[in-house]
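Text of query_1.pdb, listed as PDB, C-alpha atoms:
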ATOM      1  CA  MET B1162     -71.501 -81.263 161.712  1.00  0.00           C
ATOM      2  CA  LYS B1163     -71.821 -81.738 157.979  1.00  0.00           C
ATOM      3  CA  VAL B1164     -75.299 -81.774 156.402  1.00  0.00           C
ATOM      4  CA  ILE B1165     -75.754 -84.532 153.847  1.00  0.00           C
ATOM      5  CA  LYS B1166     -78.611 -84.633 151.367  1.00  0.00           C
ATOM      6  CA  ALA B1167     -80.674 -87.857 151.597  1.00  0.00           C
ATOM      7  CA  SER B1168     -80.357 -90.137 148.627  1.00  0.00           C
ATOM      8  CA  PRO B1169     -83.306 -91.610 146.700  1.00  0.00           C
ATOM      9  CA  ILE B1170     -82.091 -95.074 147.736  1.00  0.00           C
ATOM     10  CA  LEU B1171     -83.276 -94.443 151.303  1.00  0.00           C
ATOM     11  CA  ALA B1172     -86.735 -93.489 150.009  1.00  0.00           C
ATOM     12  CA  ASN B1173     -86.909 -96.777 148.085  1.00  0.00           C
ATOM     13  CA  VAL B1174     -85.925 -98.772 151.172  1.00  0.00           C
ATOM     14  CA  ARG B1175     -88.677 -97.079 153.168  1.00  0.00           C
ATOM     15  CA  GLN B1176     -91.261 -97.863 150.461  1.00  0.00           C
ATOM     16  CA  ASP B1177     -90.176-101.511 150.454  1.00  0.00           C
ATOM     17  CA  LEU B1178     -90.494-101.731 154.243  1.00  0.00           C
ATOM     18  CA  ASP B1179     -93.939-100.100 154.111  1.00  0.00           C
ATOM     19  CA  ARG B1180     -95.076-102.733 151.600  1.00  0.00           C
ATOM     20  CA  VAL B1181     -93.802-105.564 153.809  1.00  0.00           C
ATOM     21  CA  PHE B1182     -95.762-104.297 156.809  1.00  0.00           C
ATOM     22  CA  GLU B1183     -98.907-103.636 154.738  1.00  0.00           C
ATOM     23  CA  ARG B1184     -98.852-107.201 153.392  1.00  0.00           C
ATOM     24  CA  PHE B1185     -98.258-108.623 156.873  1.00  0.00           C
ATOM     25  CA  PHE B1186    -101.458-107.061 158.178  1.00  0.00           C
ATOM     26  CA  GLU B1187    -103.663-108.030 155.204  1.00  0.00           C
ATOM     27  CA  PRO B1188    -106.618-110.264 156.162  1.00  0.00           C
ATOM     28  CA  ALA B1189    -105.260-113.062 153.950  1.00  0.00           C
ATOM     29  CA  GLN B1190    -102.276-113.423 156.279  1.00  0.00           C
ATOM     30  CA  TRP B1191    -104.578-113.824 159.284  1.00  0.00           C
ATOM     31  CA  PRO B1192    -107.483-116.010 158.084  1.00  0.00           C
ATOM     32  CA  ASN B1193    -108.798-116.715 161.588  1.00  0.00           C
ATOM     33  CA  ALA B1194    -108.767-113.057 162.649  1.00  0.00           C
ATOM     34  CA  ALA B1195    -111.837-111.956 160.668  1.00  0.00           C
ATOM     35  CA  PRO B1196    -114.634-110.506 162.848  1.00  0.00           C
ATOM     36  CA  ARG B1197    -117.864-112.463 163.237  1.00  0.00           C
ATOM     37  CA  GLY B1198    -120.217-112.115 160.313  1.00  0.00           C
ATOM     38  CA  PHE B1199    -117.321-111.449 157.946  1.00  0.00           C
ATOM     39  CA  ASP B1200    -116.251-115.031 157.343  1.00  0.00           C
ATOM     40  CA  ASN B1201    -114.371-115.505 154.082  1.00  0.00           C
ATOM     41  CA  ILE B1202    -114.329-111.793 153.150  1.00  0.00           C
ATOM     42  CA  MET B1203    -110.715-111.878 152.202  1.00  0.00           C
ATOM     43  CA  TRP B1204    -110.112-110.225 148.881  1.00  0.00           C
ATOM     44  CA  GLU B1205    -111.008-107.262 146.745  1.00  0.00           C
ATOM     45  CA  PRO B1206    -110.773-107.708 142.972  1.00  0.00           C
ATOM     46  CA  VAL B1207    -109.574-104.717 140.979  1.00  0.00           C
ATOM     47  CA  ILE B1208    -112.055-102.644 138.984  1.00  0.00           C
ATOM     48  CA  ASP B1209    -111.789-100.339 135.984  1.00  0.00           C
ATOM     49  CA  LEU B1210    -114.597 -97.855 135.287  1.00  0.00           C
ATOM     50  CA  SER B1211    -114.674 -96.177 131.900  1.00  0.00           C
ATOM     51  CA  GLU B1212    -117.149 -94.010 130.031  1.00  0.00           C
ATOM     52  CA  THR B1213    -118.186 -93.517 126.426  1.00  0.00           C
ATOM     53  CA  PRO B1214    -120.727 -90.947 125.256  1.00  0.00           C
ATOM     54  CA  LYS B1215    -123.460 -93.622 125.455  1.00  0.00           C
ATOM     55  CA  GLU B1216    -122.493 -95.923 128.352  1.00  0.00           C
ATOM     56  CA  TYR B1217    -120.401 -96.727 131.402  1.00  0.00           C
ATOM     57  CA  ILE B1218    -118.251 -99.847 131.328  1.00  0.00           C
ATOM     58  CA  VAL B1219    -117.133-101.616 134.496  1.00  0.00           C
ATOM     59  CA  ARG B1220    -114.495-104.343 134.313  1.00  0.00           C
ATOM     60  CA  LEU B1221    -113.788-106.496 137.357  1.00  0.00           C
ATOM     61  CA  GLU B1222    -110.800-108.819 137.275  1.00  0.00           C
ATOM     62  CA  ALA B1223    -111.691-112.144 138.928  1.00  0.00           C
ATOM     63  CA  PRO B1224    -109.987-115.164 137.368  1.00  0.00           C
ATOM     64  CA  GLY B1225    -110.910-118.633 138.516  1.00  0.00           C
ATOM     65  CA  MET B1226    -114.631-117.982 138.938  1.00  0.00           C
ATOM     66  CA  ALA B1227    -117.710-119.255 137.125  1.00  0.00           C
ATOM     67  CA  ARG B1228    -120.481-117.040 135.745  1.00  0.00           C
ATOM     68  CA  ASP B1229    -122.839-118.259 138.473  1.00  0.00           C
ATOM     69  CA  ASP B1230    -120.455-117.052 141.199  1.00  0.00           C
ATOM     70  CA  PHE B1231    -121.249-113.371 140.500  1.00  0.00           C
ATOM     71  CA  ASP B1232    -124.114-111.138 141.626  1.00  0.00           C
ATOM     72  CA  VAL B1233    -124.668-107.824 139.836  1.00  0.00           C
ATOM     73  CA  ASP B1234    -127.221-105.466 141.412  1.00  0.00           C
ATOM     74  CA  LEU B1235    -128.235-101.900 140.649  1.00  0.00           C
ATOM     75  CA  ASP B1236    -130.127 -99.868 143.250  1.00  0.00           C
ATOM     76  CA  ALA B1237    -130.770 -96.289 142.111  1.00  0.00           C
ATOM     77  CA  ASN B1238    -127.259 -95.206 141.074  1.00  0.00           C
ATOM     78  CA  LEU B1239    -125.328 -97.756 143.188  1.00  0.00           C
ATOM     79  CA  LEU B1240    -123.858-100.685 141.266  1.00  0.00           C
ATOM     80  CA  THR B1241    -122.897-103.607 143.504  1.00  0.00           C
ATOM     81  CA  LEU B1242    -120.711-106.451 142.282  1.00  0.00           C
ATOM     82  CA  SER B1243    -120.303-109.378 144.649  1.00  0.00           C
ATOM     83  CA  GLY B1244    -119.426-113.036 144.617  1.00  0.00           C
ATOM     84  CA  LYS B1245    -117.337-115.809 146.062  1.00  0.00           C
ATOM     85  CA  ARG B1246    -114.194-117.498 144.774  1.00  0.00           C
ATOM     86  CA  GLU B1247    -112.920-120.845 146.033  1.00  0.00           C
ATOM     87  CA  LEU B1248    -109.464-121.847 144.876  1.00  0.00           C
ATOM     88  CA  ARG B1249    -108.356-124.601 147.213  1.00  0.00           C
ATOM     89  CA  LYS B1250    -108.583-128.127 145.961  1.00  0.00           C
ATOM     90  CA  GLU B1251    -107.506-130.968 148.156  1.00  0.00           C
ATOM     91  CA  GLU B1252    -104.635-132.801 146.490  1.00  0.00           C
ATOM     92  CA  LYS B1253    -103.346-135.859 148.251  1.00  0.00           C
ATOM     93  CA  GLY B1254     -99.750-135.379 149.328  1.00  0.00           C
ATOM     94  CA  GLU B1255     -99.675-131.649 148.536  1.00  0.00           C
ATOM     95  CA  ASP B1256     -98.929-129.066 151.220  1.00  0.00           C
ATOM     96  CA  PHE B1257     -98.809-125.333 150.452  1.00  0.00           C
ATOM     97  CA  LEU B1258     -95.501-123.713 151.289  1.00  0.00           C
ATOM     98  CA  TRP B1259     -96.698-120.302 150.117  1.00  0.00           C
ATOM     99  CA  GLN B1260    -100.047-119.156 148.811  1.00  0.00           C
ATOM    100  CA  GLU B1261    -100.770-115.696 147.418  1.00  0.00           C
ATOM    101  CA  ARG B1262    -103.936-116.334 145.425  1.00  0.00           C
ATOM    102  CA  LEU B1263    -106.840-114.989 147.446  1.00  0.00           C
ATOM    103  CA  GLU B1264    -110.243-116.562 147.812  1.00  0.00           C
ATOM    104  CA  GLY B1265    -113.485-115.944 149.625  1.00  0.00           C
ATOM    105  CA  ARG B1266    -116.289-113.443 149.312  1.00  0.00           C
ATOM    106  CA  PHE B1267    -115.941-109.971 147.854  1.00  0.00           C
ATOM    107  CA  LEU B1268    -118.165-106.925 147.565  1.00  0.00           C
ATOM    108  CA  ARG B1269    -117.481-103.857 145.423  1.00  0.00           C
ATOM    109  CA  THR B1270    -119.852-100.893 145.147  1.00  0.00           C
ATOM    110  CA  ILE B1271    -119.639 -98.054 142.630  1.00  0.00           C
ATOM    111  CA  ARG B1272    -121.730 -94.878 142.683  1.00  0.00           C
ATOM    112  CA  LEU B1273    -122.629 -94.017 139.100  1.00  0.00           C
ATOM    113  CA  PRO B1274    -122.653 -90.292 138.279  1.00  0.00           C
ATOM    114  CA  VAL B1275    -125.878 -90.407 136.225  1.00  0.00           C
ATOM    115  CA  ALA B1276    -128.925 -92.606 135.728  1.00  0.00           C
ATOM    116  CA  VAL B1277    -128.674 -95.638 133.452  1.00  0.00           C
ATOM    117  CA  GLU B1278    -131.150 -97.722 131.455  1.00  0.00           C
ATOM    118  CA  LYS B1279    -131.749-100.589 133.890  1.00  0.00           C
ATOM    119  CA  ALA B1280    -133.458-102.798 131.307  1.00  0.00           C
ATOM    120  CA  LYS B1281    -130.462-102.601 128.939  1.00  0.00           C
ATOM    121  CA  ILE B1282    -127.646-103.501 131.341  1.00  0.00           C
ATOM    122  CA  GLU B1283    -125.447-106.335 130.078  1.00  0.00           C
ATOM    123  CA  ALA B1284    -122.947-108.425 132.045  1.00  0.00           C
ATOM    124  CA  THR B1285    -120.486-110.870 130.473  1.00  0.00           C
ATOM    125  CA  TYR B1286    -117.640-112.934 131.913  1.00  0.00           C
ATOM    126  CA  THR B1287    -114.758-113.803 129.591  1.00  0.00           C
ATOM    127  CA  ASP B1288    -111.120-114.707 130.267  1.00  0.00           C
ATOM    128  CA  GLY B1289    -111.378-113.908 133.991  1.00  0.00           C
ATOM    129  CA  VAL B1290    -112.889-110.460 133.522  1.00  0.00           C
ATOM    130  CA  LEU B1291    -116.491-109.556 134.384  1.00  0.00           C
ATOM    131  CA  THR B1292    -117.628-106.737 132.081  1.00  0.00           C
ATOM    132  CA  VAL B1293    -120.788-104.778 132.913  1.00  0.00           C
ATOM    133  CA  ARG B1294    -122.132-102.339 130.309  1.00  0.00           C
ATOM    134  CA  LEU B1295    -124.514 -99.699 131.642  1.00  0.00           C
ATOM    135  CA  PRO B1296    -126.172 -97.593 128.911  1.00  0.00           C
ATOM    136  CA  LYS B1297    -126.825 -94.014 129.988  1.00  0.00           C
ATOM    137  CA  SER B1298    -130.435 -92.939 130.076  1.00  0.00           C
ATOM    138  CA  GLU B1299    -131.595 -90.375 127.517  1.00  0.00           C
ATOM    139  CA  LEU B1300    -132.066 -87.826 130.293  1.00  0.00           C
ATOM    140  CA  ALA B1301    -128.427 -88.245 131.278  1.00  0.00           C
ATOM    141  CA  ALA B1302    -127.020 -87.649 127.797  1.00  0.00           C
ATOM    142  CA  ARG B1303    -124.555 -84.791 127.743  1.00  0.00           C
ATOM    143  CA  THR B1304    -125.543 -81.546 126.106  1.00  0.00           C
ATOM    144  CA  LYS B1305    -123.001 -79.006 124.969  1.00  0.00           C
ATOM    145  CA  VAL B1306    -124.058 -75.499 125.917  1.00  0.00           C
ATOM    146  CA  THR B1307    -122.573 -72.500 124.146  1.00  0.00           C
ATOM    147  CA  VAL B1308    -121.594 -69.670 126.457  1.00  0.00           C
ATOM    148  CA  LYS B1309    -122.720 -66.287 125.143  1.00  0.00           C
TER
END
This structure in structure tokens:
Amino acid sequence: MKVIKASPILANVRQDLDRVFERFFEPAQWPNAAPRGFDNIMWEPVIDLSETPKEYIVRLEAPGMARDDFDVDLDANLLTLSGKRELRKEEKGEDFLWQERLEGRFLRTIRLPVAVEKAKIEATYTDGVLTVRLPKSELAARTKVTVK
């Protein structure tokens, strides 16, 4: 029997098949299968968390929403971003053949590494991106220590 080294093409095929099965079992594919109490929790917007010396910046990508659709809460060092997006509009004579845009409620929670100035938090929503700026508290400012 001759031993043949596997080609990278087979690895790509496996990755493609994995993606197909992952998408098949996403909640959006089974809208009536959500457990009780979790109605319309169907999507999870992507988040970027960055840091400057003076603040943390959270960006949540959620196009198609209004400013009033968001809730931003801070409890101790837990930042919670939540809201609801509704995309469907009844159009007479229109039937969806395929729909990939997700809608419904979402909830994202981020544990911040240090305390922030709660009174100075700013949230803005522009071009489909919710930006939350969280200034670090003076106690949390970094101090460089020289090792002797």
I need the output of the PyMOL selection byres ((chain B and resi 1224-1227) around 7) for this file as number ranges by chain; which residues are they? B: 1222-1223, 1228-1230, 1246, 1289-1290
Which residues would end up in the selection if the PyMOL selection byres ((chain B and resi 1270-1277) around 9) were applied here, given that I need the answer as an mmCIF file with C-alpha atoms, in the frame of the given file?
data_model
loop_
_atom_site.group_PDB
_atom_site.id
_atom_site.type_symbol
_atom_site.label_atom_id
_atom_site.label_comp_id
_atom_site.auth_asym_id
_atom_site.auth_seq_id
_atom_site.Cartn_x
_atom_site.Cartn_y
_atom_site.Cartn_z
ATOM 1 C CA LEU B 1210 -114.597 -97.855 135.287
ATOM 2 C CA GLU B 1216 -122.493 -95.923 128.352
ATOM 3 C CA TYR B 1217 -120.401 -96.727 131.402
ATOM 4 C CA ALA B 1237 -130.770 -96.289 142.111
ATOM 5 C CA ASN B 1238 -127.259 -95.206 141.074
ATOM 6 C CA LEU B 1239 -125.328 -97.756 143.188
ATOM 7 C CA LEU B 1240 -123.858 -100.685 141.266
ATOM 8 C CA THR B 1241 -122.897 -103.607 143.504
ATOM 9 C CA LEU B 1242 -120.711 -106.451 142.282
ATOM 10 C CA SER B 1243 -120.303 -109.378 144.649
ATOM 11 C CA LEU B 1268 -118.165 -106.925 147.565
ATOM 12 C CA ARG B 1269 -117.481 -103.857 145.423
ATOM 13 C CA GLU B 1278 -131.150 -97.722 131.455
ATOM 14 C CA LYS B 1279 -131.749 -100.589 133.890
ATOM 15 C CA ALA B 1280 -133.458 -102.798 131.307
ATOM 16 C CA LYS B 1281 -130.462 -102.601 128.939
ATOM 17 C CA ILE B 1282 -127.646 -103.501 131.341
ATOM 18 C CA LEU B 1295 -124.514 -99.699 131.642
ATOM 19 C CA PRO B 1296 -126.172 -97.593 128.911
ATOM 20 C CA LYS B 1297 -126.825 -94.014 129.988
ATOM 21 C CA SER B 1298 -130.435 -92.939 130.076
ATOM 22 C CA GLU B 1299 -131.595 -90.375 127.517
ATOM 23 C CA LEU B 1300 -132.066 -87.826 130.293
ATOM 24 C CA ALA B 1301 -128.427 -88.245 131.278
ATOM 25 C CA ALA B 1302 -127.020 -87.649 127.797
#
Padding 3 Å on every side, please: axis-aligned box over the listed atoms of segment 1233-1239 of chain B, centre and edge lengths to one decimal in Å, as JSON.
{"center_x": -127.7, "center_y": -101.5, "center_z": 141.5, "size_x": 12.1, "size_y": 18.6, "size_z": 9.4}
Atom CA of Met1203 of chain B and atom CA of Arg1220 of chain B, how far apart in Å? 19.8 Å
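Between atom CA of Glu1261 of chain B and atom CA of Trp1204 of chain B lies a distance of 10.9 Å.
With only C-alpha atoms as the atoms that count, the minimum distance from Ile1218 of chain B to the choices B:Asp1256, B:Asp1232, B:Glu1283, B:Glu1205 is reached by B:Glu1283.
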Here atom CA of Arg1266 of chain B and atom CA of Arg1294 of chain B stand apart by 22.8 Å
Give me segment 1222-1238 of chain B with N, CA and C atoms filled in, as an mmCIF file, in the coordinates of the input.
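result_5.cif, freshly written:
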data_model
loop_
_atom_site.group_PDB
_atom_site.id
_atom_site.type_symbol
_atom_site.label_atom_id
_atom_site.label_comp_id
_atom_site.auth_asym_id
_atom_site.auth_seq_id
_atom_site.Cartn_x
_atom_site.Cartn_y
_atom_site.Cartn_z
ATOM 1 N N GLU B 1222 -111.725 -107.721 137.543
ATOM 2 C CA GLU B 1222 -110.800 -108.819 137.275
ATOM 3 C C GLU B 1222 -110.959 -109.883 138.355
ATOM 4 N N ALA B 1223 -111.445 -111.065 137.971
ATOM 5 C CA ALA B 1223 -111.691 -112.144 138.928
ATOM 6 C C ALA B 1223 -111.476 -113.503 138.267
ATOM 7 N N PRO B 1224 -110.235 -113.867 137.993
ATOM 8 C CA PRO B 1224 -109.987 -115.164 137.368
ATOM 9 C C PRO B 1224 -110.315 -116.309 138.312
ATOM 10 N N GLY B 1225 -110.651 -117.441 137.722
ATOM 11 C CA GLY B 1225 -110.910 -118.633 138.516
ATOM 12 C C GLY B 1225 -112.330 -118.742 139.026
ATOM 13 N N MET B 1226 -113.236 -117.937 138.503
ATOM 14 C CA MET B 1226 -114.631 -117.982 138.938
ATOM 15 C C MET B 1226 -115.508 -118.452 137.785
ATOM 16 N N ALA B 1227 -116.712 -118.885 138.122
ATOM 17 C CA ALA B 1227 -117.710 -119.255 137.125
ATOM 18 C C ALA B 1227 -118.734 -118.124 137.030
ATOM 19 N N ARG B 1228 -119.464 -118.085 135.931
ATOM 20 C CA ARG B 1228 -120.481 -117.040 135.745
ATOM 21 C C ARG B 1228 -121.493 -117.009 136.895
ATOM 22 N N ASP B 1229 -121.842 -118.173 137.411
ATOM 23 C CA ASP B 1229 -122.839 -118.259 138.473
ATOM 24 C C ASP B 1229 -122.328 -117.769 139.815
ATOM 25 N N ASP B 1230 -121.030 -117.511 139.935
ATOM 26 C CA ASP B 1230 -120.455 -117.052 141.199
ATOM 27 C C ASP B 1230 -120.615 -115.552 141.418
ATOM 28 N N PHE B 1231 -121.128 -114.823 140.421
ATOM 29 C CA PHE B 1231 -121.249 -113.371 140.500
ATOM 30 C C PHE B 1231 -122.692 -112.943 140.768
ATOM 31 N N ASP B 1232 -122.829 -111.830 141.479
ATOM 32 C CA ASP B 1232 -124.114 -111.138 141.626
ATOM 33 C C ASP B 1232 -123.890 -109.689 141.204
ATOM 34 N N VAL B 1233 -124.736 -109.201 140.307
ATOM 35 C CA VAL B 1233 -124.668 -107.824 139.836
ATOM 36 C C VAL B 1233 -126.007 -107.182 140.163
ATOM 37 N N ASP B 1234 -125.991 -106.143 140.993
ATOM 38 C CA ASP B 1234 -127.221 -105.466 141.412
ATOM 39 C C ASP B 1234 -127.088 -103.970 141.201
ATOM 40 N N LEU B 1235 -128.188 -103.352 140.790
ATOM 41 C CA LEU B 1235 -128.235 -101.900 140.649
ATOM 42 C C LEU B 1235 -129.398 -101.381 141.467
ATOM 43 N N ASP B 1236 -129.109 -100.499 142.413
ATOM 44 C CA ASP B 1236 -130.127 -99.868 143.250
ATOM 45 C C ASP B 1236 -129.939 -98.367 143.120
ATOM 46 N N ALA B 1237 -130.888 -97.714 142.442
ATOM 47 C CA ALA B 1237 -130.770 -96.289 142.111
ATOM 48 C C ALA B 1237 -129.484 -96.110 141.300
ATOM 49 N N ASN B 1238 -128.502 -95.382 141.829
ATOM 50 C CA ASN B 1238 -127.259 -95.206 141.074
ATOM 51 C C ASN B 1238 -126.080 -95.945 141.725
#
